[in-house]
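What follows is query.pdb (PDB, C-alpha atoms).
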ATOM      1  CA  MET A   3      -5.653 121.056 142.639
ATOM      2  CA  VAL A   4      -2.710 118.936 143.790
ATOM      3  CA  SER A   5       0.445 120.852 144.537
ATOM      4  CA  ASP A   6       3.916 119.481 143.871
ATOM      5  CA  VAL A   7       5.384 121.610 146.652
ATOM      6  CA  LYS A   8       5.796 119.598 149.820
ATOM      7  CA  PRO A   9       5.318 121.654 152.995
ATOM      8  CA  VAL A  10       8.112 121.380 155.516
ATOM      9  CA  ASP A  11       7.210 118.700 157.997
ATOM     10  CA  ARG A  12       7.567 119.811 161.636
ATOM     11  CA  THR A  13       9.438 116.572 162.387
ATOM     12  CA  GLU A  14      12.225 117.835 160.109
ATOM     13  CA  GLU A  15      12.900 120.536 162.698
ATOM     14  CA  ALA A  16      14.176 117.733 164.949
ATOM     15  CA  LEU A  17      16.794 116.601 162.408
ATOM     16  CA  SER A  18      20.304 116.543 163.795
ATOM     17  CA  ASP A  19      22.998 118.425 161.928
ATOM     18  CA  SER A  20      24.527 115.236 160.541
ATOM     19  CA  GLU A  21      21.118 113.990 159.370
ATOM     20  CA  LEU A  22      20.488 117.378 157.802
ATOM     21  CA  ALA A  23      23.859 117.296 156.007
ATOM     22  CA  ASP A  24      23.160 113.759 154.751
ATOM     23  CA  ALA A  25      19.717 114.770 153.474
ATOM     24  CA  ILE A  26      21.181 117.760 151.622
ATOM     25  CA  ALA A  27      23.959 115.601 150.151
ATOM     26  CA  SER A  28      21.308 113.223 148.833
ATOM     27  CA  GLY A  29      19.599 116.102 147.026
ATOM     28  CA  ASP A  30      16.829 117.060 149.462
ATOM     29  CA  HIS A  31      16.057 120.720 148.668
ATOM     30  CA  ASP A  32      13.717 121.055 151.653
ATOM     31  CA  ALA A  33      16.594 120.059 153.927
ATOM     32  CA  PHE A  34      18.738 122.796 152.398
ATOM     33  CA  ARG A  35      15.968 125.326 153.033
ATOM     34  CA  LEU A  36      15.839 124.103 156.632
ATOM     35  CA  LEU A  37      19.608 124.549 156.934
ATOM     36  CA  MET A  38      19.280 128.127 155.650
ATOM     37  CA  ARG A  39      16.468 128.903 158.102
ATOM     38  CA  ARG A  40      18.387 127.353 160.965
ATOM     39  CA  TYR A  41      21.706 129.142 160.404
ATOM     40  CA  ASN A  42      21.013 132.235 158.286
ATOM     41  CA  ARG A  43      21.089 134.755 161.150
ATOM     42  CA  LEU A  44      24.348 133.395 162.574
ATOM     43  CA  LEU A  45      26.035 133.249 159.176
ATOM     44  CA  TYR A  46      24.863 136.704 158.120
ATOM     45  CA  ARG A  47      26.139 138.226 161.361
ATOM     46  CA  THR A  48      29.471 136.472 160.868
ATOM     47  CA  ALA A  49      29.857 137.899 157.353
ATOM     48  CA  ARG A  50      28.649 141.336 158.457
ATOM     49  CA  SER A  51      31.145 141.458 161.331
ATOM     50  CA  ILE A  52      34.012 140.915 158.896
ATOM     51  CA  LEU A  53      32.844 143.020 155.971
ATOM     52  CA  LYS A  54      31.130 145.886 157.847
ATOM     53  CA  ASN A  55      28.733 146.273 154.925
ATOM     54  CA  GLU A  56      25.278 144.750 154.476
ATOM     55  CA  THR A  57      25.476 144.304 150.710
ATOM     56  CA  ASP A  58      28.904 142.672 150.849
ATOM     57  CA  ALA A  59      27.751 140.427 153.704
ATOM     58  CA  GLU A  60      24.748 139.304 151.646
ATOM     59  CA  ASP A  61      26.995 138.595 148.640
ATOM     60  CA  ALA A  62      29.452 136.597 150.748
ATOM     61  CA  LEU A  63      26.617 134.641 152.346
ATOM     62  CA  GLN A  64      25.037 133.847 148.982
ATOM     63  CA  ASN A  65      28.378 132.612 147.619
ATOM     64  CA  ALA A  66      28.916 130.584 150.777
ATOM     65  CA  TYR A  67      25.510 128.915 150.393
ATOM     66  CA  LEU A  68      26.418 127.921 146.834
ATOM     67  CA  LEU A  69      29.692 126.429 148.030
ATOM     68  CA  VAL A  70      27.963 124.631 150.891
ATOM     69  CA  HIS A  71      25.375 123.154 148.538
ATOM     70  CA  ARG A  72      28.123 121.793 146.285
ATOM     71  CA  ALA A  73      30.424 120.593 149.083
ATOM     72  CA  ILE A  74      28.035 119.341 151.772
ATOM     73  CA  GLY A  75      29.050 115.765 150.931
ATOM     74  CA  LYS A  76      32.548 116.601 152.215
ATOM     75  CA  PHE A  77      31.200 117.502 155.669
ATOM     76  CA  ARG A  78      32.742 114.859 157.942
ATOM     77  CA  GLY A  79      31.021 115.785 161.163
ATOM     78  CA  GLU A  80      34.289 116.194 163.071
ATOM     79  CA  ALA A  81      33.148 119.713 164.015
ATOM     80  CA  GLY A  82      29.618 120.975 164.357
ATOM     81  CA  LEU A  83      27.754 121.860 161.193
ATOM     82  CA  SER A  84      27.449 125.467 162.365
ATOM     83  CA  THR A  85      31.241 125.622 162.802
ATOM     84  CA  TRP A  86      31.805 124.251 159.312
ATOM     85  CA  LEU A  87      29.273 126.680 157.836
ATOM     86  CA  GLU A  88      30.841 129.612 159.665
ATOM     87  CA  ARG A  89      34.265 128.661 158.326
ATOM     88  CA  VAL A  90      32.899 128.683 154.768
ATOM     89  CA  VAL A  91      31.323 132.116 155.337
ATOM     90  CA  ILE A  92      34.507 133.472 156.943
ATOM     91  CA  ASN A  93      36.588 132.269 153.999
ATOM     92  CA  GLU A  94      34.161 133.890 151.544
ATOM     93  CA  ALA A  95      34.131 137.167 153.471
ATOM     94  CA  LEU A  96      37.922 137.279 153.705
ATOM     95  CA  GLY A  97      38.166 136.466 150.002
ATOM     96  CA  LEU A  98      35.860 139.372 149.247
ATOM     97  CA  LEU A  99      38.061 141.661 151.369
ATOM     98  CA  ARG A 100      41.177 140.511 149.497
ATOM     99  CA  LYS A 101      39.450 141.037 146.165
ATOM    100  CA  ARG A 102      38.349 144.516 147.215
ATOM    101  CA  ALA A 103      41.895 145.387 148.342
ATOM    102  CA  ARG A 104      43.348 144.270 144.998
ATOM    103  CA  SER A 105      40.871 146.343 143.023
ATOM    104  CA  ALA A 106      41.254 149.501 145.124
ATOM    105  CA  HIS A 107      43.115 152.307 143.455
ATOM    106  CA  VAL A 108      44.054 155.854 144.338
ATOM    107  CA  VAL A 109      42.867 158.768 142.239
ATOM    108  CA  ASN A 110      44.904 161.949 142.539
ATOM    109  CA  LEU A 111      42.791 165.069 142.238
ATOM    110  CA  GLU A 112      43.891 168.644 141.924
ATOM    111  CA  PRO A 113      42.690 170.829 144.829
ATOM    112  CA  GLY A 114      39.905 172.399 142.708
ATOM    113  CA  GLU A 115      38.757 168.981 141.491
ATOM    114  CA  LEU A 116      38.638 167.684 145.062
ATOM    115  CA  ASP A 117      36.332 170.533 146.151
ATOM    116  CA  ALA A 118      34.033 169.871 143.185
ATOM    117  CA  THR A 119      33.949 166.143 144.013
ATOM    118  CA  VAL A 120      33.080 166.806 147.668
ATOM    119  CA  GLU A 121      30.340 169.267 146.686
ATOM    120  CA  ALA A 122      28.894 166.806 144.166
ATOM    121  CA  GLU A 123      28.898 164.063 146.800
ATOM    122  CA  ALA A 124      27.133 166.326 149.283
ATOM    123  CA  GLY A 125      24.575 167.258 146.638
ATOM    124  CA  MET A 126      23.866 163.594 145.910
ATOM    125  CA  ASN A 127      23.223 162.903 149.595
ATOM    126  CA  CYS A 128      20.752 165.749 149.976
ATOM    127  CA  GLY A 129      17.160 164.780 149.398
ATOM    128  CA  ARG A 130      14.592 167.227 148.095
ATOM    129  CA  GLY A 131      14.175 170.044 150.555
ATOM    130  CA  GLU A 132      16.717 168.519 152.926
ATOM    131  CA  ARG A 133      19.283 170.885 154.354
ATOM    132  CA  PRO A 134      22.965 169.881 154.349
ATOM    133  CA  ASP A 135      23.101 169.919 158.155
ATOM    134  CA  GLU A 136      20.172 167.456 158.271
ATOM    135  CA  VAL A 137      21.985 165.190 155.830
ATOM    136  CA  LEU A 138      25.109 165.351 157.994
ATOM    137  CA  ILE A 139      23.182 164.554 161.168
ATOM    138  CA  ARG A 140      21.386 161.628 159.503
ATOM    139  CA  SER A 141      24.688 160.333 158.153
ATOM    140  CA  ASP A 142      26.315 160.590 161.594
ATOM    141  CA  ILE A 143      23.431 158.734 163.221
ATOM    142  CA  GLN A 144      23.619 155.963 160.614
ATOM    143  CA  GLN A 145      27.357 155.678 161.163
ATOM    144  CA  LEU A 146      26.912 155.444 164.949
ATOM    145  CA  ILE A 147      24.285 152.723 164.556
ATOM    146  CA  GLN A 148      26.539 150.744 162.200
ATOM    147  CA  THR A 149      29.462 151.080 164.630
ATOM    148  CA  LYS A 150      27.359 149.772 167.522
ATOM    149  CA  LEU A 151      26.071 146.902 165.390
ATOM    150  CA  ASP A 152      29.623 145.997 164.430
ATOM    151  CA  GLU A 153      30.650 145.932 168.093
TER
END
Final structure tokens representation of the file:
Amino acid sequence: MVSDVKPVDRTEEALSDSELADAIASGDHDAFRLLMRRYNRLLYRTARSILKNETDAEDALQNAYLLVHRAIGKFRGEAGLSTWLERVVINEALGLLRKRARSAHVVNLEPGELDATVEAEAGMNCGRGERPDEVLIRSDIQQLIQTKLDE
């Protein structure tokens, strides 16, 4: 059986950034996959450092990749490709922050409603058989890990 999928040639790993950008601009999907493999970690960390949230960082990165795919022909090579890609990701992440800030709203709760909301939230975080103090400890540990990762 003959496959239409072309395996990535190891010589493509030696492509310079400008050659890679030119290949992508000419419609080479394998070159775009190579670009994603080459820069994904850097770009994800950039988005994550701004957004402080994994899901938002993934969304910003995905949107950035779409923009890069459409606009790679505009890459002039005056700066490094990684610099250009990071700028696209930074702009997407900051745009997501602005969008989030615009959509944020304050909900005023009566004191009794606030207690009920806090209790409901605590109940949602408790797994089966998990004590509230265990949930709190796990939450604190996760928060400490995220803070260290952000640093």
- Resolved residues for the PyMOL selection byres ((chain A and resi 19-29) around 7) as a PyMOL selection string: chain A and resi 17-18+30-31+33-34+74-75+79+83
Those residues you just picked out, can you put them in a file as a compact mmCIF listing (two decimals), in the frame of the given file with C-alpha atoms?
# COMPACT_ATOMS: atom_id res chain seq x y z
CA LEU A 17 16.79 116.60 162.41
CA SER A 18 20.30 116.54 163.79
CA ASP A 30 16.83 117.06 149.46
CA HIS A 31 16.06 120.72 148.67
CA ALA A 33 16.59 120.06 153.93
CA PHE A 34 18.74 122.80 152.40
CA ILE A 74 28.04 119.34 151.77
CA GLY A 75 29.05 115.76 150.93
CA GLY A 79 31.02 115.78 161.16
CA LEU A 83 27.75 121.86 161.19
Take the PyMOL selection byres ((chain A and resi 43-52) around 10), run it mentally on this structure, and tell me the resulting residues as a PDB file with C-alpha atoms, in the frame of the given file.
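Saved to expr04.pdb:
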ATOM      1  CA  MET A  38      19.280 128.127 155.650  1.00  0.00           C
ATOM      2  CA  ARG A  39      16.468 128.903 158.102  1.00  0.00           C
ATOM      3  CA  ARG A  40      18.387 127.353 160.965  1.00  0.00           C
ATOM      4  CA  TYR A  41      21.706 129.142 160.404  1.00  0.00           C
ATOM      5  CA  ASN A  42      21.013 132.235 158.286  1.00  0.00           C
ATOM      6  CA  LEU A  53      32.844 143.020 155.971  1.00  0.00           C
ATOM      7  CA  LYS A  54      31.130 145.886 157.847  1.00  0.00           C
ATOM      8  CA  ASN A  55      28.733 146.273 154.925  1.00  0.00           C
ATOM      9  CA  GLU A  56      25.278 144.750 154.476  1.00  0.00           C
ATOM     10  CA  THR A  57      25.476 144.304 150.710  1.00  0.00           C
ATOM     11  CA  ASP A  58      28.904 142.672 150.849  1.00  0.00           C
ATOM     12  CA  ALA A  59      27.751 140.427 153.704  1.00  0.00           C
ATOM     13  CA  GLU A  60      24.748 139.304 151.646  1.00  0.00           C
ATOM     14  CA  ASP A  61      26.995 138.595 148.640  1.00  0.00           C
ATOM     15  CA  ALA A  62      29.452 136.597 150.748  1.00  0.00           C
ATOM     16  CA  LEU A  63      26.617 134.641 152.346  1.00  0.00           C
ATOM     17  CA  GLN A  64      25.037 133.847 148.982  1.00  0.00           C
ATOM     18  CA  ALA A  66      28.916 130.584 150.777  1.00  0.00           C
ATOM     19  CA  TYR A  67      25.510 128.915 150.393  1.00  0.00           C
ATOM     20  CA  SER A  84      27.449 125.467 162.365  1.00  0.00           C
ATOM     21  CA  THR A  85      31.241 125.622 162.802  1.00  0.00           C
ATOM     22  CA  LEU A  87      29.273 126.680 157.836  1.00  0.00           C
ATOM     23  CA  GLU A  88      30.841 129.612 159.665  1.00  0.00           C
ATOM     24  CA  ARG A  89      34.265 128.661 158.326  1.00  0.00           C
ATOM     25  CA  VAL A  90      32.899 128.683 154.768  1.00  0.00           C
ATOM     26  CA  VAL A  91      31.323 132.116 155.337  1.00  0.00           C
ATOM     27  CA  ILE A  92      34.507 133.472 156.943  1.00  0.00           C
ATOM     28  CA  ASN A  93      36.588 132.269 153.999  1.00  0.00           C
ATOM     29  CA  GLU A  94      34.161 133.890 151.544  1.00  0.00           C
ATOM     30  CA  ALA A  95      34.131 137.167 153.471  1.00  0.00           C
ATOM     31  CA  LEU A  96      37.922 137.279 153.705  1.00  0.00           C
ATOM     32  CA  LEU A  98      35.860 139.372 149.247  1.00  0.00           C
ATOM     33  CA  LEU A  99      38.061 141.661 151.369  1.00  0.00           C
ATOM     34  CA  LEU A 151      26.071 146.902 165.390  1.00  0.00           C
ATOM     35  CA  ASP A 152      29.623 145.997 164.430  1.00  0.00           C
ATOM     36  CA  GLU A 153      30.650 145.932 168.093  1.00  0.00           C
TER      37      GLU A 153
END
- Query: What is the distance between CA of Leu36 (chain A) and CA of Lys76 (chain A), in Å to one decimal?
  - Reply: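 Computed distance, CA of Leu36 (chain A) to CA of Lys76 (chain A), equals 18.8 Å.
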- Message: Just to confirm, what's the straight-line distance from CA of Trp86 (chain A) to CA of Arg102 (chain A) in Å (one decimal)?
- Response: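 Answer for the CA of Trp86 (chain A) to CA of Arg102 (chain A) separation: 24.5 Å.
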- Message: What does the structure give for the distance between CA of Arg78 (chain A) and CA of Leu37 (chain A), in Å to one decimal?
- Response: 16.4 Å
All file atoms of region 38-41 of chain A boxed axis-aligned, 3 Å per side, centre plus edges, as lines of an AutoDock Vina configuration file:
center_x = 19.1
center_y = 128.2
center_z = 158.3
size_x = 11.2
size_y = 7.8
size_z = 11.3
